[in-house]
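Pasting target38.cif here (mmCIF, C-alpha atoms and all ligand atoms):
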data_input
#
loop_
_atom_site.label_atom_id
_atom_site.label_comp_id
_atom_site.auth_asym_id
_atom_site.auth_seq_id
_atom_site.Cartn_x
_atom_site.Cartn_y
_atom_site.Cartn_z
CA MET F 1 48.55 -53.31 -1.54
CA ARG F 2 45.12 -52.57 -0.23
CA GLN F 3 42.89 -50.59 -2.42
CA THR F 4 40.91 -47.70 -0.95
CA HIS F 5 37.28 -47.73 -1.90
CA ARG F 6 35.77 -44.31 -2.12
CA LEU F 7 32.08 -43.64 -2.30
CA PRO F 8 31.09 -41.16 -4.95
CA LEU F 9 30.53 -37.78 -3.40
CA PRO F 10 27.05 -36.25 -3.64
CA TRP F 11 26.75 -33.66 -6.37
CA TYR F 12 26.83 -30.69 -4.04
CA CYS F 13 30.14 -31.80 -2.52
CA ARG F 14 31.95 -32.40 -5.75
CA ARG F 15 34.45 -29.80 -6.58
CA SER F 16 33.09 -27.83 -9.46
CA PRO F 17 35.43 -26.90 -12.29
CA THR F 18 34.95 -23.28 -11.34
CA PRO F 19 34.00 -21.69 -7.99
CA TYR F 20 30.73 -20.54 -9.55
CA GLY F 21 28.85 -23.68 -8.53
CA ALA F 22 28.75 -22.58 -4.91
CA THR F 23 27.81 -19.06 -5.89
CA TRP F 24 24.84 -20.30 -7.91
CA LEU F 25 23.73 -22.53 -5.07
CA ALA F 26 23.84 -19.62 -2.61
CA ALA F 27 21.96 -17.37 -5.02
CA PHE F 28 19.29 -20.03 -5.54
CA LEU F 29 18.84 -20.53 -1.78
CA ALA F 30 18.58 -16.78 -1.24
CA LEU F 31 15.89 -16.59 -3.93
CA VAL F 32 13.93 -19.47 -2.38
CA LEU F 33 14.07 -17.83 1.05
CA PHE F 34 13.05 -14.46 -0.36
CA LEU F 35 10.10 -15.80 -2.38
CA GLY F 36 9.01 -18.15 0.35
CA ASP F 37 8.65 -15.45 2.96
CA GLY F 38 5.48 -13.87 1.64
CA SER F 39 4.47 -12.35 4.94
CA ALA F 40 7.52 -10.11 4.96
CA ARG F 41 6.74 -8.64 1.56
CA ALA F 42 5.15 -5.23 1.32
CA ALA F 43 4.13 -3.52 -1.88
CA ALA F 44 6.77 -0.97 -2.86
CA VAL F 45 5.74 2.66 -3.23
CA THR F 46 7.51 4.80 -5.82
CA SER F 47 7.00 8.38 -6.88
CA SER F 48 4.68 8.65 -9.86
CA ASP F 49 5.32 10.29 -13.24
CA LEU F 50 1.63 11.21 -13.58
CA PRO F 51 1.00 14.94 -13.86
CA PRO F 52 -1.30 16.19 -11.07
CA SER F 53 -4.96 16.63 -12.01
CA GLN F 54 -6.25 20.07 -13.07
CA ASP F 55 -9.78 19.24 -11.95
CA ASP F 56 -11.04 21.82 -9.45
CA THR F 57 -14.33 20.05 -8.74
CA PRO F 58 -14.64 19.37 -4.99
CA ILE F 59 -14.43 15.65 -4.18
CA LEU F 60 -13.77 15.65 -0.43
CA THR F 61 -15.16 17.62 2.51
CA LEU F 62 -13.05 18.45 5.53
CA GLN F 63 -14.55 19.44 8.85
CA GLN F 64 -12.76 20.97 11.79
CA ASP F 65 -14.02 23.18 14.64
CA GLY F 66 -17.49 23.24 13.09
CA GLU F 67 -16.13 24.63 9.83
CA GLN F 68 -16.29 22.84 6.51
CA ARG F 69 -14.16 23.15 3.41
CA HIS F 70 -14.17 21.35 0.13
CA VAL F 71 -11.07 19.96 -1.52
CA SER F 72 -10.57 19.16 -5.19
CA ARG F 73 -8.65 16.44 -6.98
CA ALA F 74 -6.22 19.13 -8.20
CA LYS F 75 -5.58 20.29 -4.64
CA ILE F 76 -4.98 16.76 -3.33
CA GLU F 77 -2.72 15.70 -6.19
CA SER F 78 -0.67 18.94 -6.06
CA LEU F 79 1.18 17.37 -3.11
CA GLY F 80 2.92 14.90 -5.43
CA LEU F 81 1.68 11.50 -6.53
CA HIS F 82 3.14 8.22 -5.34
CA GLU F 83 2.11 4.84 -6.63
CA VAL F 84 1.97 1.22 -5.65
CA SER F 85 0.91 -1.90 -7.56
CA LEU F 86 -1.51 -4.12 -5.71
CA LEU F 87 -4.61 -6.24 -5.79
CA HIS F 88 -7.38 -4.58 -3.79
CA PHE F 89 -9.89 -6.87 -2.08
CA GLU F 90 -12.78 -5.15 -3.88
CA GLY F 91 -11.44 -6.59 -7.12
CA LEU F 92 -9.42 -3.63 -8.34
CA GLU F 93 -5.93 -4.43 -9.56
CA GLY F 94 -3.22 -2.21 -10.96
CA ARG F 95 -1.20 0.87 -10.12
CA PHE F 96 -2.84 2.85 -7.33
CA ALA F 97 -1.63 6.45 -7.27
CA GLY F 98 -2.26 9.04 -4.60
CA VAL F 99 -0.65 11.20 -1.94
CA TRP F 100 0.62 10.24 1.51
CA LEU F 101 -2.21 10.87 3.95
CA ASP F 102 0.20 12.54 6.40
CA ASP F 103 1.31 15.01 3.71
CA PHE F 104 -2.29 15.82 2.90
CA LEU F 105 -3.24 16.28 6.56
CA ALA F 106 -0.22 18.51 7.17
CA ALA F 107 -1.09 20.64 4.14
CA GLN F 108 -4.63 21.01 5.48
CA GLY F 109 -3.55 21.72 9.07
CA LEU F 110 -5.16 18.52 10.34
CA ASP F 111 -2.06 16.55 11.30
CA GLU F 112 -2.31 17.50 14.98
CA ALA F 113 -5.87 16.19 15.35
CA SER F 114 -6.15 13.69 18.18
CA ARG F 115 -8.65 11.68 16.18
CA LEU F 116 -9.70 11.65 12.55
CA ARG F 117 -13.01 10.29 11.41
CA PHE F 118 -13.41 9.19 7.80
CA ILE F 119 -16.91 8.88 6.39
CA ALA F 120 -17.69 7.15 3.10
CA HIS F 121 -20.50 7.74 0.61
CA ASP F 122 -22.11 4.51 1.84
CA ASP F 123 -21.89 5.95 5.41
CA TYR F 124 -19.23 3.47 6.46
CA THR F 125 -16.99 5.22 8.97
CA VAL F 126 -13.58 4.59 10.46
CA PHE F 127 -11.39 6.41 12.98
CA LEU F 128 -7.63 6.97 12.74
CA SER F 129 -5.54 8.02 15.71
CA PRO F 130 -2.08 9.60 15.51
CA LYS F 131 -0.81 6.22 16.78
CA ASP F 132 -2.41 4.42 13.81
CA ARG F 133 -0.76 6.87 11.41
CA ALA F 134 2.60 6.49 13.14
CA ALA F 135 2.45 2.70 12.93
CA LYS F 136 1.77 2.46 9.18
CA ARG F 137 1.78 4.95 6.33
CA TYR F 138 -1.57 5.47 4.62
CA LEU F 139 -1.87 6.40 0.96
CA LEU F 140 -4.86 8.53 -0.05
CA VAL F 141 -5.47 7.09 -3.51
CA THR F 142 -7.03 9.13 -6.33
CA ARG F 143 -6.13 7.03 -9.40
CA LEU F 144 -6.00 3.52 -10.75
CA ASP F 145 -3.71 2.90 -13.73
CA GLY F 146 -3.54 6.64 -14.28
CA GLU F 147 -7.33 7.13 -14.45
CA PRO F 148 -9.20 9.13 -11.78
CA LEU F 149 -11.14 6.92 -9.38
CA THR F 150 -14.84 7.74 -9.37
CA ARG F 151 -17.83 6.68 -7.27
CA ASP F 152 -18.29 3.81 -9.76
CA ASN F 153 -14.94 2.25 -8.90
CA PHE F 154 -14.59 2.88 -5.16
CA GLY F 155 -13.45 6.51 -5.57
CA PRO F 156 -13.23 9.40 -5.65
CA THR F 157 -10.58 8.58 -3.03
CA LEU F 158 -9.75 5.50 -0.97
CA LEU F 159 -7.20 4.58 1.67
CA VAL F 160 -4.64 1.80 1.34
CA VAL F 161 -1.76 0.71 3.57
CA PRO F 162 0.97 -0.39 1.14
CA ALA F 163 2.97 -2.07 3.92
CA ASP F 164 -0.03 -4.32 4.59
CA ALA F 165 -0.87 -5.16 0.96
CA GLU F 166 0.39 -8.74 1.11
CA ALA F 167 -0.93 -9.42 4.60
CA VAL F 168 -4.40 -8.13 3.73
CA ALA F 169 -4.43 -10.18 0.52
CA GLU F 170 -3.57 -13.36 2.42
CA GLY F 171 -5.96 -12.56 5.26
CA SER F 172 -3.47 -12.13 8.10
CA GLU F 173 -4.10 -8.40 8.57
CA SER F 174 -7.35 -6.47 8.97
CA MET F 175 -8.56 -4.17 6.20
CA THR F 176 -11.17 -2.28 8.19
CA ARG F 177 -9.19 0.96 7.72
CA TRP F 178 -9.07 0.53 3.94
CA ILE F 179 -12.08 2.79 3.52
CA TRP F 180 -13.18 3.48 -0.04
CA SER F 181 -15.45 6.17 -1.56
CA ILE F 182 -14.39 8.67 1.08
CA ARG F 183 -16.81 11.60 1.40
CA GLU F 184 -15.62 13.48 4.50
CA ILE F 185 -12.80 13.70 6.99
CA HIS F 186 -13.60 15.16 10.43
CA ALA F 187 -10.88 16.29 12.79
CA HIS F 188 -11.55 15.96 16.50
N1 LIG G 201 -16.76 2.63 1.99
C1 LIG G 201 -16.57 1.48 2.65
N2 LIG G 201 -15.31 1.06 2.92
C2 LIG G 201 -15.09 -0.10 3.59
C3 LIG G 201 -16.17 -0.87 4.06
C4 LIG G 201 -17.49 -0.43 3.73
O1 LIG G 201 -18.50 -1.07 4.06
N3 LIG G 201 -17.65 0.74 3.03
N4 LIG G 201 -15.93 -2.01 4.81
C5 LIG G 201 -14.60 -2.11 5.46
C6 LIG G 201 -14.39 -3.40 6.06
S1 LIG G 201 -14.97 -3.67 7.62
C7 LIG G 201 -13.70 -4.37 5.41
S2 LIG G 201 -13.35 -5.86 6.13
C8 LIG G 201 -13.30 -4.14 4.02
C9 LIG G 201 -14.03 -5.12 3.14
O2 LIG G 201 -15.39 -4.83 3.24
P1 LIG G 201 -16.48 -5.75 2.52
O3 LIG G 201 -16.23 -7.13 3.02
O4 LIG G 201 -17.80 -5.17 2.97
O5 LIG G 201 -16.27 -5.62 1.06
O6 LIG G 201 -13.51 -2.82 3.53
C10 LIG G 201 -13.52 -1.78 4.46
N5 LIG G 201 -13.80 -0.52 3.81
MO MO G 202 -14.69 -5.94 7.90
#
For the file at hand, write its structure as structure tokens.
Amino acid sequence: MRQTHRLPLPWYCRRSPTPYGATWLAAFLALVLFLGDGSARAAAVTSSDLPPSQDDTPILTLQQDGEQRHVSRAKIESLGLHEVSLLHFEGLEGRFAGVWLDDFLAAQGLDEASRLRFIAHDDYTVFLSPKDRAAKRYLLVTRLDGEPLTRDNFGPTLLVVPADAEAVAEGSESMTRWIWSIREIHAH
């Protein structure tokens, strides 16, 4: 009688003693795909447990229709803090906490402005249109690792786009709108 010669099956085709082998393989592949796709990752924003500041010192000036008003840390943070962990290109790393820019603008009656101009203490300036704000959510950051941001560490407030955190870090997205040391916001 002729004998059938069988080649040994590769490891991934062998029947495992339990069905778990295939499950582990699928889980491993899913993990590799997930970790490999860095460009799709965005830093996750969660609501923060930090109590809002009580500091009434003005840190930001708003200008609309030729009128100015000054806004404090307490006023900004009263809208509810949200936080995101990221590495900022200026070398700051940790938990950035602040309020959604859209919430702040709505509270200040500036959300209908056709154009917003941000001006920093170093006179850097950037414009945001309603289209920009609709495309990505901006976080108006007031704290790093729970501590108030000051002029010494790119405060008192700065803008970040959590959805772009990874892309900015790897250089595939522009960070021109990540203005730090914000001094004024003008509504046009
Ligand atoms: N206050 C302030 N924010 C700023 C800037 C600046 O000069 N001042 N430069 C912007 C630009 S154009 C970029 S690319 C990034 C990084 O700026 P840098 O390369 O000058 O550090 O920060 C943005 N935010
Ligand atoms: Mo830039």
Kindly compile the residues surrounding ligand LIG 201 (chain G) within 8 Å, counting only C-alpha atoms and all ligand atoms, and format them as JSON, numbers by chain.
{"F": [89, 90, 119, 120, 121, 122, 123, 124, 125, 154, 174, 175, 176, 177, 178, 179, 180, 181, 182]}
So, with all atoms listed in the file as the atoms that count, which of F:Asp164, F:Glu147, F:Asp152, F:Glu173 lies closest to ligand MO 202 (chain G)?
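Looking at the shortest contact to ligand MO 202 (chain G), the residue is F:Glu173.
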Grab the atom CA of Thr157 of chain F to atom CA of Leu116 of chain F distance for me, in Å with one decimal place.
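Interatomic distance, atom CA of Thr157 of chain F to atom CA of Leu116 of chain F: 15.9 Å.
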Atom CA of Val160 of chain F to atom CA of Gly66 of chain F: how many Å, to one decimal?
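Here the two named atoms are 27.6 Å from each other.
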For atom CA of Arg95 of chain F and atom CA of Thr142 of chain F, determine how far apart the two atoms are, in Å to one decimal place.
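That distance, rounded to one decimal, is 10.8 Å.
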Using only C-alpha atoms, which of F:Gln108, F:Gln54, F:Ser85, F:Ser47 sits nearest Val161 of chain F?
F:Ser85
Could you tell me which of F:Ala43, F:Leu140, F:Ala187, F:Leu81 comes closest to Glu112 of chain F if we count all atoms listed in the file?
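When distances to Glu112 of chain F are compared using all atoms listed in the file, the smallest one comes from F:Ala187.
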So, with all atoms listed in the file as the atoms that count, which of F:Leu86, F:Val141, F:Ala30, F:Val126 lies closest to ligand MO 202 (chain G)?
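Among the listed residues, F:Val126 lies closest to ligand MO 202 (chain G).
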With all atoms listed in the file as the counted atoms, please give the residues lying no more than 12 Å from Pro51 of chain F, apart from itself and same-chain residues fewer than 3 positions off, as a PyMOL selection string.
chain F and resi 47-48+54-55+73-74+77-82+97-98+143+146-148
Counting all atoms listed in the file, closest pick from F:Gly21, F:Val71, F:Asp56, F:Gln63 relative to His186 of chain F is F:Gln63
Which of these, F:Arg183, F:His88, F:Arg117, F:Arg133, has the shortest distance to Pro58 of chain F once you count all atoms listed in the file?
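Answer, going by the shortest atom-to-atom distance: F:Arg183.
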